[in-house]
Amino acid sequence: MSVVFHHALHRKASGMVSDVAQDILQIDTEPLGHGQLISSYLVRGSKKTALIDPGFPASFDTVAKGISQTGVAPEDLDYIILTHTHFDHAGAAGQFIQIASNAQAAVHPRGVFYLKNGAKISGGARMVFGAGLSDRLGETIDVPGDRIMPVSDGQSIDLGDLSVTVRYTPGHSGDHLSLVEENSATLFPGDMACLHYPELGHVLIPAGSPPIYRTDQVVEGLQRFLKLNVQRILTPHFGEAPLEPSAFLSKNIEAVVGWRGRIEKLFSQGLEFPQVVEKMRAGIIDDSGMRESAAPGFLADVWLRVMLKTGLMGYMADILQYARDLRPFHENTPDEEVA
């Protein structure tokens with residue numbers, strides 16, 4: 001069902017911050033106090049500094065503290081770069097824009113509306129996470145329009161001696177971007193990459209997402225990554241890829257395609273939606289090599305079920321082929337015209 005790496009490569013962190021490349025640091029956002037679920041990344045150039053995907057609103061203090069530990073004042077950030085505007089990636093963007101008076105939020109043009117209307121991001125999260133958990137994860141605040149910098153495929157964000165190149169990679173969402181830091185040849189694939197949690201043996205879990213999830217576009221994006229000469233891959237869920245880049249990407253493609261067939265088979269057996277979620281969860285824990293009783297509490301009992309529910313909703317959108325195409329959204333963009 002899934003791919004597992006029992007001998008994953010671990011980079012030992014100091015606290016919640018770890019160096020993953022020269023002038024690139026990983027910050028564990030620790031949602032609700034639970035580590036190794038979502039990573040944010042700080043990229044420190046000689047002239048400017050960027051924070052990639054600050055996480056949930058409730059993670060703001062944790063991420064700000066992590067930034068401070070690197071010697072950078074959160075108030076001095078120049079860019080908040082968002083791979084997409086989902087709650088677990090962009091939820092805290094407004095808070096950082098509020099304290100960093102000169103910072104710009106870089107996002108795909110389709111994400112501008114959501115950043116301006118944070119309640120849309122929080123509202124969407126309630127549909128997926130449920131009201132109780134979503135409320136604990138915080139409320140997204142609006143980002144003023146003049147603080148938003150729309151970016152599109154091929155655009156470069158100059159940080160001085162480092163630069164971040166934007167790649168438009170729809171599939172997980174219509175506003176999804178992946179990023180390449182050129183100097184260190186580091187890829188930030190966002191949720192094009194599978195979830196892989198250290199505490200579950202890095203089993204690959206495709207990041208399906210409603211309402212529009214396209215396995216064909218995700219596979220196409222991963223194949224594009226294979227053509228890049230990247231030296232490392234830094235994922236949001238969670239951390240550095242446990243294999244060298246080409247092997248990791250190839251295994252991701254296998255998982256994304258394989259899960260589609262697995263889900264179709266489970267539904268063909270007459271199982272209900274919650275039963276399919278539990279079957280998938282049991283398969284992941286089994287693939288991780290641990291017994292159910294040894295599975296880490298919050299990750300296995302809450303987080304994994306929520307992520308699987310979300311992923312399953314996305315896969316069903318793909319299998320049933322509803323809402324297949326991106327709708328014109330406020331304004332046409334060059335990326336939409338070629339997507």
# chains A, B, ... in the order shown; residues from 1 in each chain; ligands from 1
>>> select_by_dssp(residues="range 145-333 of chain A", states="strand (DSSP E)", output="ChimeraX atom specification")
/A:148-150,156-158,163-168,177-181,186-188,232-235,239-240
>>> write_last_selection(atoms="C-alpha atoms", output="compact mmCIF listing (two decimals), in the first residue's frame")
# COMPACT_ATOMS: atom_id res chain seq x y z
CA ILE A 148 0.83 40.85 -1.30
CA MET A 149 3.25 40.10 -4.14
CA PRO A 150 1.72 37.80 -6.80
CA SER A 156 12.89 34.72 -9.16
CA ILE A 157 12.90 36.23 -5.67
CA ASP A 158 16.31 37.78 -5.06
CA SER A 163 17.57 33.38 -4.92
CA VAL A 164 14.30 31.46 -4.90
CA THR A 165 12.81 30.49 -8.26
CA VAL A 166 9.06 29.90 -8.44
CA ARG A 167 7.56 26.92 -10.27
CA TYR A 168 3.81 26.76 -10.81
CA LEU A 177 3.84 26.76 -6.12
CA SER A 178 7.06 24.84 -5.66
CA LEU A 179 10.33 26.63 -5.03
CA VAL A 180 13.98 26.10 -5.89
CA GLU A 181 16.82 27.84 -4.08
CA THR A 186 17.36 22.90 -2.85
CA LEU A 187 13.79 22.02 -3.83
CA PHE A 188 10.81 23.00 -1.68
CA ARG A 232 18.16 18.08 -1.52
CA ILE A 233 14.40 18.16 -1.06
CA LEU A 234 12.82 19.88 1.93
CA THR A 235 9.19 18.98 2.48
CA GLY A 239 11.52 17.69 6.80
CA GLU A 240 14.31 16.59 4.50
>>> select_by_dssp(residues="range 125-323 of chain A", states="helix (DSSP H, G or I)", output="ChimeraX atom specification")
/A:125-129,131-136,145-147,190-192,198-200,215-226,245-268,273-288,292-294,297-320
>>> write_last_selection(atoms="C-alpha atoms", output="short mmCIF file (atom, residue, chain, number, x, y, z; two decimals), in the first residue's frame")
data_model
loop_
_atom_site.label_atom_id
_atom_site.label_comp_id
_atom_site.auth_asym_id
_atom_site.auth_seq_id
_atom_site.Cartn_x
_atom_site.Cartn_y
_atom_site.Cartn_z
CA ALA A 125 -10.16 24.42 7.34
CA ARG A 126 -13.29 23.90 9.45
CA MET A 127 -14.80 21.80 6.69
CA VAL A 128 -11.77 19.51 6.75
CA PHE A 129 -10.47 19.61 10.34
CA ALA A 131 -14.79 23.06 14.18
CA GLY A 132 -13.21 21.86 17.43
CA LEU A 133 -9.71 21.15 16.12
CA SER A 134 -9.81 24.06 13.69
CA ASP A 135 -10.66 26.54 16.45
CA ARG A 136 -7.69 25.32 18.49
CA GLY A 145 -3.58 43.90 -0.59
CA ASP A 146 -0.60 46.24 -0.84
CA ARG A 147 1.49 43.72 1.13
CA GLY A 190 5.27 21.93 -0.90
CA ASP A 191 2.41 19.44 -0.90
CA MET A 192 3.33 18.03 -4.28
CA PRO A 198 9.64 10.29 11.05
CA GLU A 199 7.61 8.68 13.83
CA LEU A 200 5.85 6.49 11.25
CA THR A 215 -3.12 12.92 -9.72
CA ASP A 216 -2.11 13.46 -13.35
CA GLN A 217 -0.91 16.98 -12.58
CA VAL A 218 0.87 15.89 -9.40
CA VAL A 219 2.69 13.15 -11.31
CA GLU A 220 3.56 15.62 -14.08
CA GLY A 221 4.97 18.02 -11.49
CA LEU A 222 7.04 15.31 -9.82
CA GLN A 223 8.38 14.26 -13.21
CA ARG A 224 9.39 17.87 -13.86
CA PHE A 225 11.30 17.82 -10.58
CA LEU A 226 13.21 14.75 -11.75
CA PRO A 245 16.25 13.32 -4.63
CA SER A 246 15.64 11.17 -7.72
CA ALA A 247 14.82 8.07 -5.67
CA PHE A 248 12.50 10.04 -3.38
CA LEU A 249 10.64 11.60 -6.32
CA SER A 250 10.29 8.26 -8.09
CA LYS A 251 8.85 6.68 -4.94
CA ASN A 252 6.46 9.64 -4.63
CA ILE A 253 5.17 9.02 -8.15
CA GLU A 254 4.61 5.35 -7.33
CA ALA A 255 2.72 6.26 -4.17
CA VAL A 256 0.49 8.88 -5.81
CA VAL A 257 -0.53 6.49 -8.61
CA GLY A 258 -0.75 3.45 -6.34
CA TRP A 259 -3.05 5.12 -3.86
CA ARG A 260 -5.57 5.95 -6.56
CA GLY A 261 -5.92 2.27 -7.41
CA ARG A 262 -6.00 1.29 -3.75
CA ILE A 263 -8.82 3.73 -2.97
CA GLU A 264 -10.86 2.65 -5.99
CA LYS A 265 -10.51 -0.97 -4.89
CA LEU A 266 -11.63 -0.24 -1.32
CA PHE A 267 -14.74 1.60 -2.48
CA SER A 268 -15.52 -1.18 -4.97
CA PHE A 273 -15.95 6.60 3.71
CA PRO A 274 -14.94 6.25 7.42
CA GLN A 275 -14.13 2.59 6.87
CA VAL A 276 -11.81 3.44 3.99
CA VAL A 277 -10.04 6.02 6.18
CA GLU A 278 -9.50 3.37 8.87
CA LYS A 279 -8.27 0.81 6.34
CA MET A 280 -5.75 3.31 5.00
CA ARG A 281 -4.65 4.27 8.50
CA ALA A 282 -4.16 0.63 9.49
CA GLY A 283 -2.12 0.06 6.35
CA ILE A 284 0.19 2.99 7.11
CA ILE A 285 0.82 1.85 10.68
CA ASP A 286 1.45 -1.68 9.47
CA ASP A 287 3.88 -0.40 6.80
CA SER A 288 5.70 1.64 9.43
CA GLU A 292 -0.95 -0.23 16.83
CA SER A 293 -0.33 0.04 20.56
CA ALA A 294 3.10 1.59 19.94
CA GLY A 297 -0.74 9.12 20.21
CA PHE A 298 -1.70 12.46 18.62
CA LEU A 299 -0.06 11.63 15.30
CA ALA A 300 -1.77 8.26 14.90
CA ASP A 301 -5.07 8.93 16.66
CA VAL A 302 -5.89 12.47 15.53
CA TRP A 303 -3.53 13.93 12.95
CA LEU A 304 -3.26 10.90 10.69
CA ARG A 305 -7.03 10.44 10.55
CA VAL A 306 -7.55 14.10 9.66
CA MET A 307 -4.89 13.99 6.94
CA LEU A 308 -6.29 10.75 5.53
CA LYS A 309 -9.81 12.16 5.50
CA THR A 310 -8.51 15.18 3.60
CA GLY A 311 -6.51 13.03 1.21
CA LEU A 312 -9.40 10.70 0.55
CA MET A 313 -11.69 13.65 -0.25
CA GLY A 314 -9.13 14.84 -2.78
CA TYR A 315 -8.73 11.42 -4.38
CA MET A 316 -12.49 11.03 -4.66
CA ALA A 317 -12.66 14.37 -6.48
CA ASP A 318 -10.08 13.00 -8.91
CA ILE A 319 -11.67 9.58 -9.34
CA LEU A 320 -15.17 10.98 -9.86
#
>>> closest_residue(among="A:Arg291, A:Arg324, A:Lys120, A:Arg44", to="Asp19 in chain A", atoms="only C-alpha atoms")
A:Arg44
>>> residues_around(residues="Thr70 in chain A", least_positions_apart="6", cutoff="9 Å", atoms="only C-alpha atoms", output="PyMOL selection string")
chain A and resi 17+25+42
>>> closest_residue(among="A:Leu82, A:Leu137, A:Ser46, A:Leu77", to="Phe60 in chain A", atoms="only C-alpha atoms")
A:Leu137
